[in-house]
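model.cif follows; it contains mmCIF, C-alpha atoms.
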data_final
loop_
_atom_site.label_atom_id
_atom_site.label_comp_id
_atom_site.auth_asym_id
_atom_site.auth_seq_id
_atom_site.Cartn_x
_atom_site.Cartn_y
_atom_site.Cartn_z
CA MET A 133 63.55 117.06 61.73
CA THR A 134 66.95 117.27 60.13
CA PRO A 135 69.77 118.06 62.48
CA SER A 136 71.23 121.50 62.16
CA LYS A 137 74.56 121.53 60.35
CA ASP A 138 75.91 123.51 63.29
CA VAL A 139 75.63 120.49 65.57
CA VAL A 140 78.92 118.60 65.52
CA ALA A 141 79.99 115.60 67.53
CA PRO A 142 82.42 116.41 70.37
CA LEU A 143 85.99 115.92 69.28
CA ASP A 144 87.35 112.55 70.42
CA TRP A 145 90.70 113.83 71.68
CA PRO A 146 91.52 110.71 73.74
CA GLY A 147 91.05 108.72 70.54
CA GLU A 148 93.39 111.10 68.75
CA ILE A 149 96.05 110.62 71.44
CA PHE A 150 95.65 106.86 71.05
CA ALA A 151 96.11 107.19 67.27
CA HIS A 152 99.43 108.96 67.91
CA PHE A 153 100.48 106.12 70.24
CA ARG A 154 99.86 103.66 67.40
CA ARG A 155 101.63 105.84 64.85
CA ALA A 156 104.73 106.22 67.09
CA ASN A 157 104.75 102.49 67.91
CA ILE A 158 104.40 103.12 71.64
CA ARG A 159 104.45 99.70 73.26
CA GLN A 160 104.32 100.45 77.00
CA VAL A 161 102.10 102.92 78.84
CA GLY A 162 102.47 103.52 82.56
CA TYR A 163 99.69 105.27 84.42
CA VAL A 164 98.15 106.00 87.78
CA PRO A 165 94.37 105.69 87.36
CA ASP A 166 92.87 109.06 86.53
CA ALA A 167 89.41 110.24 85.54
CA GLY A 168 90.75 112.61 82.87
CA HIS A 169 92.68 109.80 81.17
CA ALA A 170 90.00 107.15 81.76
CA ARG A 171 88.99 106.70 78.11
CA LEU A 172 92.57 106.61 76.85
CA ILE A 173 93.46 104.03 79.52
CA GLU A 174 90.53 101.85 78.39
CA MET A 175 91.78 101.94 74.80
CA ILE A 176 95.30 101.03 75.91
CA GLN A 177 94.05 98.14 78.03
CA ALA A 178 92.07 96.82 75.07
CA ASP A 179 95.12 96.90 72.74
CA GLU A 180 97.16 93.72 72.91
CA ALA A 181 100.17 95.40 71.28
CA ILE A 182 100.57 97.78 74.23
CA HIS A 183 101.61 96.78 77.75
CA ASP A 184 99.50 98.78 80.18
CA VAL A 185 101.28 99.15 83.50
CA VAL A 186 99.29 100.43 86.46
CA LEU A 187 101.69 102.19 88.84
CA THR A 188 101.55 102.82 92.58
CA THR A 189 103.28 106.19 92.09
CA GLU A 190 104.18 108.20 89.02
CA GLU A 191 107.96 108.06 89.51
CA GLU A 192 107.76 104.33 88.82
CA GLY A 193 106.66 105.26 85.32
CA VAL A 194 109.74 107.41 84.72
CA ALA A 195 111.93 104.40 85.54
CA LEU A 196 109.68 102.09 83.47
CA ALA A 197 110.16 104.34 80.43
CA ALA A 198 113.94 104.18 80.87
CA GLY A 199 113.86 100.39 80.98
CA ALA A 200 111.59 100.22 77.95
CA TRP A 201 113.99 102.39 75.94
CA LEU A 202 117.00 100.33 77.06
CA GLY A 203 115.15 97.35 75.61
CA GLY A 204 114.26 99.17 72.39
CA GLU A 205 110.65 100.16 73.02
CA ALA A 206 108.93 103.53 73.05
CA SER A 207 106.57 104.29 75.93
CA ALA A 208 104.34 107.00 77.39
CA LEU A 209 103.41 108.00 80.93
CA LEU A 210 99.97 109.27 81.98
CA MET A 211 99.35 111.16 85.20
CA GLN A 212 97.52 113.95 86.95
CA SER A 213 99.30 117.20 87.83
CA SER A 214 99.75 116.05 91.43
CA GLY A 215 101.85 113.17 90.09
CA VAL A 216 104.42 115.51 88.58
CA GLY A 217 105.68 116.30 92.07
CA ASN A 218 106.25 112.59 92.66
CA CYS A 219 108.52 112.34 89.61
CA ILE A 220 111.09 115.01 90.33
CA ASN A 221 114.14 113.06 91.52
CA MET A 222 113.51 110.19 89.11
CA LEU A 223 113.68 112.66 86.23
CA SER A 224 117.43 112.82 87.02
CA LEU A 225 117.61 109.36 85.43
CA THR A 226 115.94 110.70 82.29
CA ARG A 227 118.30 113.65 82.00
CA ALA A 228 121.55 111.98 83.09
CA CYS A 229 121.10 109.29 80.43
CA GLN A 230 119.19 111.36 77.84
CA PHE A 231 116.21 109.03 77.74
CA PRO A 232 113.15 109.99 75.73
CA LEU A 233 110.05 110.47 77.87
CA VAL A 234 106.48 111.49 77.03
CA MET A 235 104.33 112.62 79.95
CA LEU A 236 100.65 113.42 79.39
CA VAL A 237 99.42 115.36 82.40
CA THR A 238 95.78 116.09 83.16
CA MET A 239 95.62 119.30 85.13
CA ARG A 240 93.90 119.85 88.45
CA GLY A 241 93.76 122.89 90.63
CA GLU A 242 93.50 125.51 87.89
CA TRP A 243 89.95 125.74 86.42
CA ALA A 244 86.92 125.82 88.71
CA GLU A 245 88.68 123.41 91.08
CA PHE A 246 86.54 122.33 94.02
CA ASN A 247 89.32 120.77 96.11
CA PRO A 248 91.79 123.31 97.53
CA TRP A 249 94.35 120.55 98.18
CA GLN A 250 94.85 120.21 94.42
CA VAL A 251 95.77 123.85 93.96
CA PRO A 252 99.34 123.98 95.36
CA MET A 253 100.76 121.33 93.01
CA GLY A 254 98.54 122.31 90.09
CA SER A 255 99.79 125.88 90.27
CA ILE A 256 103.49 124.88 90.06
CA THR A 257 103.24 121.90 87.69
CA GLU A 258 104.54 123.73 84.62
CA GLN A 259 107.39 125.49 86.46
CA ALA A 260 108.40 122.27 88.22
CA LEU A 261 108.61 120.41 84.92
CA ARG A 262 110.64 123.20 83.34
CA LEU A 263 113.05 123.22 86.29
CA CYS A 264 113.52 119.49 85.72
CA GLY A 265 114.48 120.15 82.10
CA VAL A 266 111.24 118.88 80.56
CA HIS A 267 109.89 120.52 77.39
CA VAL A 268 106.34 121.57 78.28
CA PHE A 269 103.43 121.89 75.87
CA ARG A 270 99.86 122.77 76.75
CA ALA A 271 96.44 122.08 75.25
CA ASP A 272 93.44 124.11 76.43
CA HIS A 273 90.96 123.16 73.72
CA PRO A 274 89.99 119.82 72.14
CA GLU A 275 91.17 120.82 68.67
CA GLU A 276 94.70 121.52 70.01
CA VAL A 277 95.25 118.10 71.56
CA SER A 278 96.19 116.00 68.55
CA ASP A 279 98.82 118.31 67.08
CA THR A 280 100.30 119.09 70.48
CA VAL A 281 100.59 115.47 71.60
CA GLY A 282 101.96 114.47 68.21
CA ALA A 283 104.62 117.17 68.44
CA ALA A 284 105.57 116.17 72.00
CA ILE A 285 105.94 112.51 71.02
CA ASP A 286 108.05 113.32 67.97
CA LEU A 287 110.30 115.70 69.91
CA ALA A 288 110.82 113.18 72.71
CA PHE A 289 111.92 110.31 70.47
CA ASN A 290 113.74 112.34 67.82
CA ALA A 291 115.78 114.33 70.32
CA CYS A 292 115.96 111.78 73.18
CA THR A 293 114.54 114.29 75.62
CA PRO A 294 111.68 114.49 78.14
CA THR A 295 108.46 116.21 77.05
CA ALA A 296 105.15 116.85 78.77
CA VAL A 297 101.74 117.91 77.52
CA LEU A 298 99.54 119.62 80.07
CA LEU A 299 95.91 118.83 79.27
CA SER A 300 94.11 121.71 80.91
CA GLN A 301 91.34 121.29 83.44
CA ARG A 302 89.15 123.39 81.17
CA LEU A 303 89.62 120.75 78.48
CA ILE A 304 89.01 117.82 80.81
CA GLY A 305 86.08 119.45 82.58
CA ALA A 306 86.13 120.27 86.27
CA LYS A 307 85.38 117.28 88.47
CA LYS A 308 81.74 117.05 89.52
CA TRP A 309 81.72 116.67 93.29
CA LEU A 310 78.03 116.89 94.05
CA LYS A 311 76.05 114.51 91.88
CA MET B 147 125.60 85.54 106.27
CA LEU B 148 127.34 85.69 102.94
CA ASP B 149 130.17 87.79 101.56
CA ARG B 150 128.69 90.28 99.10
CA ARG B 151 131.45 90.21 96.52
CA ASP B 152 131.68 86.44 96.49
CA ALA B 153 127.88 86.05 96.33
CA VAL B 154 127.43 88.53 93.46
CA ALA B 155 130.32 87.02 91.48
CA ARG B 156 128.80 83.56 91.82
CA LEU B 157 125.30 84.75 90.90
CA LEU B 158 126.59 86.56 87.81
CA ARG B 159 128.60 83.54 86.70
CA GLU B 160 125.19 82.00 85.89
CA ARG B 161 123.83 85.01 84.00
CA GLY B 162 124.13 83.55 80.51
CA ASP B 163 122.81 86.24 78.16
CA ALA B 164 120.90 88.07 80.90
CA LEU B 165 120.69 91.86 80.93
CA VAL B 166 121.57 93.24 84.37
CA VAL B 167 120.48 96.42 86.17
CA SER B 168 122.37 97.31 89.37
CA GLY B 169 121.02 99.57 92.13
CA LEU B 170 123.00 102.62 93.18
CA GLY B 171 125.79 102.36 95.74
CA SER B 172 127.39 99.10 96.77
CA PRO B 173 125.37 96.80 94.44
CA THR B 174 126.70 98.79 91.46
CA TYR B 175 130.25 98.35 92.81
CA ASP B 176 129.64 94.63 93.44
CA VAL B 177 128.38 94.04 89.90
CA ALA B 178 131.32 95.99 88.46
CA ALA B 179 133.76 94.04 90.65
CA ALA B 180 132.47 90.79 89.15
CA GLY B 181 133.67 92.04 85.75
CA ASP B 182 132.52 94.95 83.62
CA ASP B 183 130.10 93.97 80.87
CA PRO B 184 128.24 96.17 78.36
CA ARG B 185 125.07 94.23 79.23
CA ASN B 186 125.20 95.83 82.72
CA PHE B 187 123.27 99.03 83.33
CA TYR B 188 124.81 100.54 86.45
CA LEU B 189 122.68 103.00 88.36
CA TRP B 190 124.40 105.89 90.14
CA GLY B 191 121.11 107.47 91.21
CA ALA B 192 117.38 106.93 90.56
CA MET B 193 116.98 105.48 94.04
CA GLY B 194 113.85 103.33 94.17
CA GLY B 195 113.76 102.84 90.40
CA ALA B 196 115.92 99.78 89.78
CA CYS B 197 113.09 97.24 89.73
CA MET B 198 110.94 99.41 87.47
CA ILE B 199 113.79 99.77 84.97
CA GLY B 200 113.92 95.99 85.14
CA LEU B 201 110.18 95.77 84.43
CA GLY B 202 110.40 98.08 81.40
CA LEU B 203 113.26 95.97 80.06
CA ALA B 204 111.48 92.69 80.78
CA LEU B 205 108.35 93.80 78.90
CA ALA B 206 110.40 95.15 75.99
CA ARG B 207 112.60 92.07 75.73
CA PRO B 208 110.61 88.89 76.37
CA ASP B 209 113.41 87.04 74.53
CA ARG B 210 115.96 87.88 77.24
CA ARG B 211 116.27 87.23 80.96
CA ILE B 212 116.49 90.42 83.04
CA LEU B 213 118.24 90.48 86.42
CA VAL B 214 118.03 93.37 88.89
CA ILE B 215 120.66 93.38 91.64
CA THR B 216 120.02 96.03 94.24
CA GLY B 217 120.33 96.79 97.95
CA ASP B 218 117.89 96.86 100.84
CA GLY B 219 117.83 100.67 101.03
CA GLU B 220 117.13 101.08 97.32
CA MET B 221 114.44 98.38 97.46
CA LEU B 222 112.78 100.04 100.45
CA MET B 223 112.44 103.30 98.51
CA GLY B 224 110.64 101.45 95.72
CA LEU B 225 108.44 99.00 97.64
CA GLY B 226 105.48 100.01 95.51
CA SER B 227 107.28 98.71 92.44
CA LEU B 228 106.92 95.19 93.83
CA ALA B 229 103.14 95.66 93.76
CA THR B 230 103.35 96.98 90.19
CA ILE B 231 105.53 94.06 89.05
CA GLY B 232 103.28 91.61 90.89
CA VAL B 233 100.36 92.78 88.75
CA LYS B 234 102.30 92.31 85.48
CA GLN B 235 104.02 89.00 86.38
CA PRO B 236 106.81 89.25 83.78
CA PRO B 237 108.16 85.69 83.41
CA ASN B 238 111.69 86.84 82.50
CA LEU B 239 112.46 89.12 85.47
CA GLY B 240 114.49 88.24 88.55
CA ILE B 241 115.23 90.54 91.47
CA VAL B 242 118.11 89.99 93.91
CA VAL B 243 118.32 92.24 96.97
CA LEU B 244 121.64 92.34 98.79
CA ASP B 245 120.51 92.92 102.35
CA ASN B 246 122.87 93.93 105.14
CA GLY B 247 120.26 95.98 106.99
CA LEU B 248 122.42 99.05 106.48
CA TYR B 249 122.60 102.20 104.40
CA GLY B 250 126.22 101.65 103.35
CA GLU B 251 126.70 104.73 101.22
CA THR B 252 125.76 107.20 103.94
CA GLY B 253 127.65 105.81 106.93
CA LEU B 254 126.16 102.42 107.78
CA GLN B 255 122.97 103.61 109.45
CA PRO B 256 120.53 100.75 110.12
CA SER B 257 117.79 100.23 107.52
CA HIS B 258 114.25 99.00 108.13
CA THR B 259 115.30 95.44 107.35
CA ALA B 260 117.51 95.54 110.45
CA GLY B 261 114.15 96.03 112.21
CA PRO B 262 110.84 94.36 111.53
CA THR B 263 110.62 94.78 107.73
CA ASP B 264 110.71 91.47 105.85
CA LEU B 265 111.23 92.06 102.13
CA VAL B 266 110.53 88.42 101.21
CA LYS B 267 107.11 88.64 102.84
CA VAL B 268 106.44 91.95 101.06
CA ALA B 269 107.29 90.40 97.69
CA ALA B 270 105.21 87.30 98.42
CA ALA B 271 102.28 89.49 99.44
CA CYS B 272 102.64 91.37 96.13
CA GLY B 273 102.20 88.17 94.15
CA PHE B 274 105.75 86.83 93.71
CA ALA B 275 105.18 83.08 93.81
CA ARG B 276 108.95 82.55 94.10
CA ALA B 277 110.41 84.59 96.93
CA PHE B 278 112.94 83.42 99.46
CA GLU B 279 115.87 84.48 101.61
CA ALA B 280 119.37 83.11 101.00
CA HIS B 281 121.61 83.36 104.03
CA ASP B 282 123.95 80.42 103.51
CA GLU B 283 125.53 78.23 100.84
CA ALA B 284 122.37 76.21 100.29
CA GLY B 285 120.35 79.36 99.72
CA LEU B 286 122.91 80.79 97.33
CA HIS B 287 122.88 77.53 95.42
CA LEU B 288 119.11 77.77 94.96
CA ALA B 289 119.44 81.39 93.82
CA THR B 290 122.13 80.59 91.25
CA GLY B 291 119.86 77.85 89.91
CA TRP B 292 117.02 80.33 89.44
CA ILE B 293 119.31 82.80 87.67
CA ALA B 294 120.67 80.10 85.38
CA GLY B 295 117.30 78.59 84.58
CA ASP B 296 114.02 79.52 82.97
CA THR B 297 112.48 80.16 86.34
CA GLY B 298 109.84 82.84 85.85
CA LEU B 299 109.42 85.88 88.07
CA TYR B 300 111.45 85.55 91.26
CA PHE B 301 112.68 87.58 94.22
CA VAL B 302 115.67 86.65 96.35
CA VAL B 303 116.96 88.45 99.41
CA VAL B 304 120.63 87.58 99.92
CA LYS B 305 121.64 88.22 103.51
CA ILE B 306 125.15 89.63 103.37
CA ALA B 307 127.69 90.43 106.08
CA PRO B 308 127.99 94.13 106.95
CA ALA B 309 131.67 94.32 105.96
CA GLU B 310 132.32 96.90 103.23
CA ALA B 311 134.32 95.87 100.21
CA PRO B 312 136.78 98.12 98.34
CA ARG B 313 134.97 100.32 95.87
CA VAL B 314 135.12 99.28 92.25
CA LEU B 315 133.74 102.17 90.25
CA PRO B 316 132.35 101.43 86.77
CA LEU B 317 131.56 103.89 84.00
CA ARG B 318 129.25 106.61 85.31
CA ASP B 319 128.41 108.65 82.21
CA GLY B 320 124.71 107.86 81.79
CA VAL B 321 124.61 108.44 78.05
CA ALA B 322 127.63 106.20 77.48
CA LEU B 323 126.08 103.49 79.67
CA LYS B 324 122.79 103.73 77.79
CA LEU B 325 124.35 103.56 74.34
CA ARG B 326 126.66 100.64 75.03
CA PHE B 327 123.88 98.74 76.82
CA ARG B 328 121.46 99.16 73.90
CA ARG B 329 124.12 98.07 71.45
CA ALA B 330 124.96 95.01 73.56
CA ALA B 331 121.24 94.21 73.87
CA GLY B 332 120.90 94.27 70.09
CA VAL B 333 118.77 97.42 69.96
CA ASP B 334 119.15 99.54 66.84
CA PRO B 335 120.74 102.90 67.67
#

As structure tokens, please, write out the structure in this file.
Amino acid sequence: MTPSKDVVAPLDWPGEIFAHFRRANIRQVGYVPDAGHARLIEMIQADEAIHDVVLTTEEEGVALAAGAWLGGEASALLMQSSGVGNCINMLSLTRACQFPLVMLVTMRGEWAEFNPWQVPMGSITEQALRLCGVHVFRADHPEEVSDTVGAAIDLAFNACTPTAVLLSQRLIGAKKWLK
Amino acid sequence: MLDRRDAVARLLRERGDALVVSGLGSPTYDVAAAGDDPRNFYLWGAMGGACMIGLGLALARPDRRILVITGDGEMLMGLGSLATIGVKQPPNLGIVVLDNGLYGETGLQPSHTAGPTDLVKVAAACGFARAFEAHDEAGLHLATGWIAGDTGLYFVVVKIAPAEAPRVLPLRDGVALKLRFRRAAGVDP
């Protein structure tokens, strides 16, 4: 049986993010382990040209990005929406010195969330970032991810400013709690 | 216990071409008092972030030695960064903590290191093979040797006397600090 032409492979949006990292010569990626970013993190770990830095808390990654830029390297920071709250004071460093910063945030607490403890931070993630002076982009569908992440990376390094892309929970898929 | 200004001046005399990050408060004043240098990145905030800025620099610039000079209070706020650095083991990063067991900037309240917290043991437990406490001339001599040499990742707690030194305030415009540091580090604008 020939496959129907309507059947298409799922879009590899983590692979597209990784392609942008290569294009923008991103050499350091800080992250707190996260299911939504798991595939991207695997690609980063496998790439010898990129330092993968596993963090104990997300604010470490804001400071890491500042150090990388002081040394002449571009970086990116991966986290879950709960991690945005951990970054707030350290984002003063980013703004006071006009450092570029790219934050890719997988959202929790907004789409069929099972865990009510994720909802408070998830529901204020975008406003919190805006209050901190971060340019916020959002991707709800796989086909939006590449352009949006590319734009956020270019804005961050061209304008020396912090940017964030919220990767929606609808895009990631709600966490399966009962297997 | 050692005099902070004297200790920092002697440590920095051995810096060679090292790039230096100073933690907010008195360590920033101590580093400035030893002589302003465009290769110094003085922090006026970002409490808990000094060592991670050092890590980002160390990974970006394997050709240069990176020295973080911070205080016990700033280090305590970023204890997790020692675990993160321990995983990466950058061979060109050194961390010096000036420890008086006090929060000097806020009125000399005792810090956790005046109690049971032992930062050297924390660093050692995070994978720093070279971690020790300098509380006298012999200790300072060992620390200056590490700074001068090709030592690999190290962590030194310098026990300093609680006396406050006159404030020496360096440049505090973050953008100006960033731009002059990058230029001095040979980074294209």

Sorted by chain and rising residue number, list the residues of chain A at most 12 Å from chain B (counting all atoms listed in the file), each with its closest atom pair and distance in Å to one decimal, as a tab-separated table.
residue	atom	partner	partner_atom	distance
A:Ile158	CA	B:Ala206	CA	10.9
A:Arg159	CA	B:Ala206	CA	8.0
A:Gln160	CA	B:Gly202	CA	7.9
A:Val161	CA	B:Gly202	CA	9.9
A:Gly162	CA	B:Gly202	CA	9.7
A:Tyr163	CA	B:Thr230	CA	10.7
A:Val164	CA	B:Thr230	CA	10.7
A:Ala181	CA	B:Ala206	CA	11.3
A:Ile182	CA	B:Leu205	CA	9.9
A:His183	CA	B:Leu205	CA	7.5
A:Asp184	CA	B:Lys234	CA	8.8
A:Val185	CA	B:Lys234	CA	7.2
A:Val186	CA	B:Thr230	CA	6.5
A:Leu187	CA	B:Thr230	CA	5.6
A:Thr188	CA	B:Gly226	CA	5.7
A:Thr189	CA	B:Gly226	CA	7.4
A:Glu190	CA	B:Gly226	CA	10.5
A:Glu191	CA	B:Gly195	CA	7.9
A:Glu192	CA	B:Met198	CA	6.0
A:Gly193	CA	B:Met198	CA	7.6
A:Val194	CA	B:Gly195	CA	8.3
A:Ala195	CA	B:Ile199	CA	5.0
A:Leu196	CA	B:Gly202	CA	4.6
A:Ala197	CA	B:Gly202	CA	6.3
A:Ala198	CA	B:Ile199	CA	6.0
A:Gly199	CA	B:Ile199	CA	4.0
A:Ala200	CA	B:Gly202	CA	4.2
A:Trp201	CA	B:Leu203	CA	7.7
A:Leu202	CA	B:Arg328	CA	5.6
A:Gly203	CA	B:Leu203	CA	5.0
A:Gly204	CA	B:Val333	CA	5.4
A:Glu205	CA	B:Ala206	CA	5.8
A:Ala206	CA	B:Ala206	CA	9.0
A:Ser207	CA	B:Gly202	CA	9.1
A:Ala208	CA	B:Gly202	CA	11.5
A:Cys219	CA	B:Ala192	CA	10.4
A:Ile220	CA	B:Ala192	CA	10.2
A:Asn221	CA	B:Ala192	CA	7.0
A:Met222	CA	B:Ala192	CA	5.3
A:Leu223	CA	B:Ala192	CA	8.1
A:Ser224	CA	B:Ala192	CA	6.9
A:Leu225	CA	B:Ala192	CA	5.7
A:Thr226	CA	B:Ala192	CA	9.2
A:Arg227	CA	B:Gly320	CA	8.6
A:Ala228	CA	B:Gly320	CA	5.4
A:Cys229	CA	B:Gly320	CA	4.1
A:Gln230	CA	B:Val321	CA	6.2
A:Phe231	CA	B:Val321	CA	8.4
A:Pro232	CA	B:Lys324	CA	11.7
A:Phe289	CA	B:Pro335	CA	11.9
A:Asn290	CA	B:Pro335	CA	11.8
A:Cys292	CA	B:Val321	CA	10.5
A:Thr293	CA	B:Val321	CA	11.9

- Surrounding residues of range 272-287 of chain B excluding itself and chain neighbours under 4 positions, 6 Å, all atoms listed in the file, as a ChimeraX atom specification: /B:147,229,232,266,300-305

Limited to C-alpha atoms, could you put the picked residues into a file as a compact mmCIF listing (two decimals), in the coordinates of the input?
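Output saved as result_25.txt:
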# COMPACT_ATOMS: atom_id res chain seq x y z
CA MET B 147 125.60 85.54 106.27
CA ALA B 229 103.14 95.66 93.76
CA GLY B 232 103.28 91.61 90.89
CA VAL B 266 110.53 88.42 101.21
CA TYR B 300 111.45 85.55 91.26
CA PHE B 301 112.68 87.58 94.22
CA VAL B 302 115.67 86.65 96.35
CA VAL B 303 116.96 88.45 99.41
CA VAL B 304 120.63 87.58 99.92
CA LYS B 305 121.64 88.22 103.51

Would you list the contacts of range 249-260 of chain A as a PDB file with C-alpha atoms, in the coordinates of the input, taking every protein, DNA or RNA residue within 10 Å and counting only C-alpha atoms, but skipping same-chain residues closer than 5 positions in sequence?
ATOM      1  CA  GLN A 212      97.520 113.950  86.950  1.00  0.00           C
ATOM      2  CA  SER A 213      99.300 117.200  87.830  1.00  0.00           C
ATOM      3  CA  SER A 214      99.750 116.050  91.430  1.00  0.00           C
ATOM      4  CA  GLY A 215     101.850 113.170  90.090  1.00  0.00           C
ATOM      5  CA  VAL A 216     104.420 115.510  88.580  1.00  0.00           C
ATOM      6  CA  GLY A 217     105.680 116.300  92.070  1.00  0.00           C
ATOM      7  CA  ILE A 220     111.090 115.010  90.330  1.00  0.00           C
ATOM      8  CA  VAL A 237      99.420 115.360  82.400  1.00  0.00           C
ATOM      9  CA  THR A 238      95.780 116.090  83.160  1.00  0.00           C
ATOM     10  CA  MET A 239      95.620 119.300  85.130  1.00  0.00           C
ATOM     11  CA  ARG A 240      93.900 119.850  88.450  1.00  0.00           C
ATOM     12  CA  GLY A 241      93.760 122.890  90.630  1.00  0.00           C
ATOM     13  CA  GLU A 242      93.500 125.510  87.890  1.00  0.00           C
ATOM     14  CA  TRP A 243      89.950 125.740  86.420  1.00  0.00           C
ATOM     15  CA  GLY A 265     114.480 120.150  82.100  1.00  0.00           C
ATOM     16  CA  VAL A 266     111.240 118.880  80.560  1.00  0.00           C
ATOM     17  CA  HIS A 267     109.890 120.520  77.390  1.00  0.00           C
ATOM     18  CA  VAL A 268     106.340 121.570  78.280  1.00  0.00           C
ATOM     19  CA  PHE A 269     103.430 121.890  75.870  1.00  0.00           C
ATOM     20  CA  ARG A 270      99.860 122.770  76.750  1.00  0.00           C
ATOM     21  CA  ALA A 296     105.150 116.850  78.770  1.00  0.00           C
ATOM     22  CA  VAL A 297     101.740 117.910  77.520  1.00  0.00           C
ATOM     23  CA  LEU A 298      99.540 119.620  80.070  1.00  0.00           C
ATOM     24  CA  GLN A 301      91.340 121.290  83.440  1.00  0.00           C
TER      25      GLN A 301
END

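Here the question is which of A:Ile285, A:Ala271, A:Leu233, A:Leu210 gets nearest to Arg171 in chain A using only C-alpha atoms, and that residue is A:Leu210.
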
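Selection result for the displayed file, with the PyMOL selection byres ((chain A and resi 303) around 9) as criterion, is Ala271, Asp272, His273, Pro274, Leu299, Ser300, Gln301, Arg302, Ile304, Gly305 and Ala306 of chain A.
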
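The space separating CA of Gly169 in chain B from CA of Val154 in chain B comes to 12.8 Å.
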
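CA of Thr290 in chain B to CA of Arg156 in chain B spans 7.3 Å [interatomic distance, one decimal].
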
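Across the model, the gap from CA of Asn186 in chain B to CA of Leu248 in chain B is 24.1 Å.
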
- Query: If we count all atoms listed in the file, what is near range 276-282 of chain A at a cut-off of 10 Å, once residues fewer than 6 positions away on the same chain are taken out, given as a ChimeraX atom specification?
  - Reply: /A:143-153,155-156,234-236,269-270,295-299,303
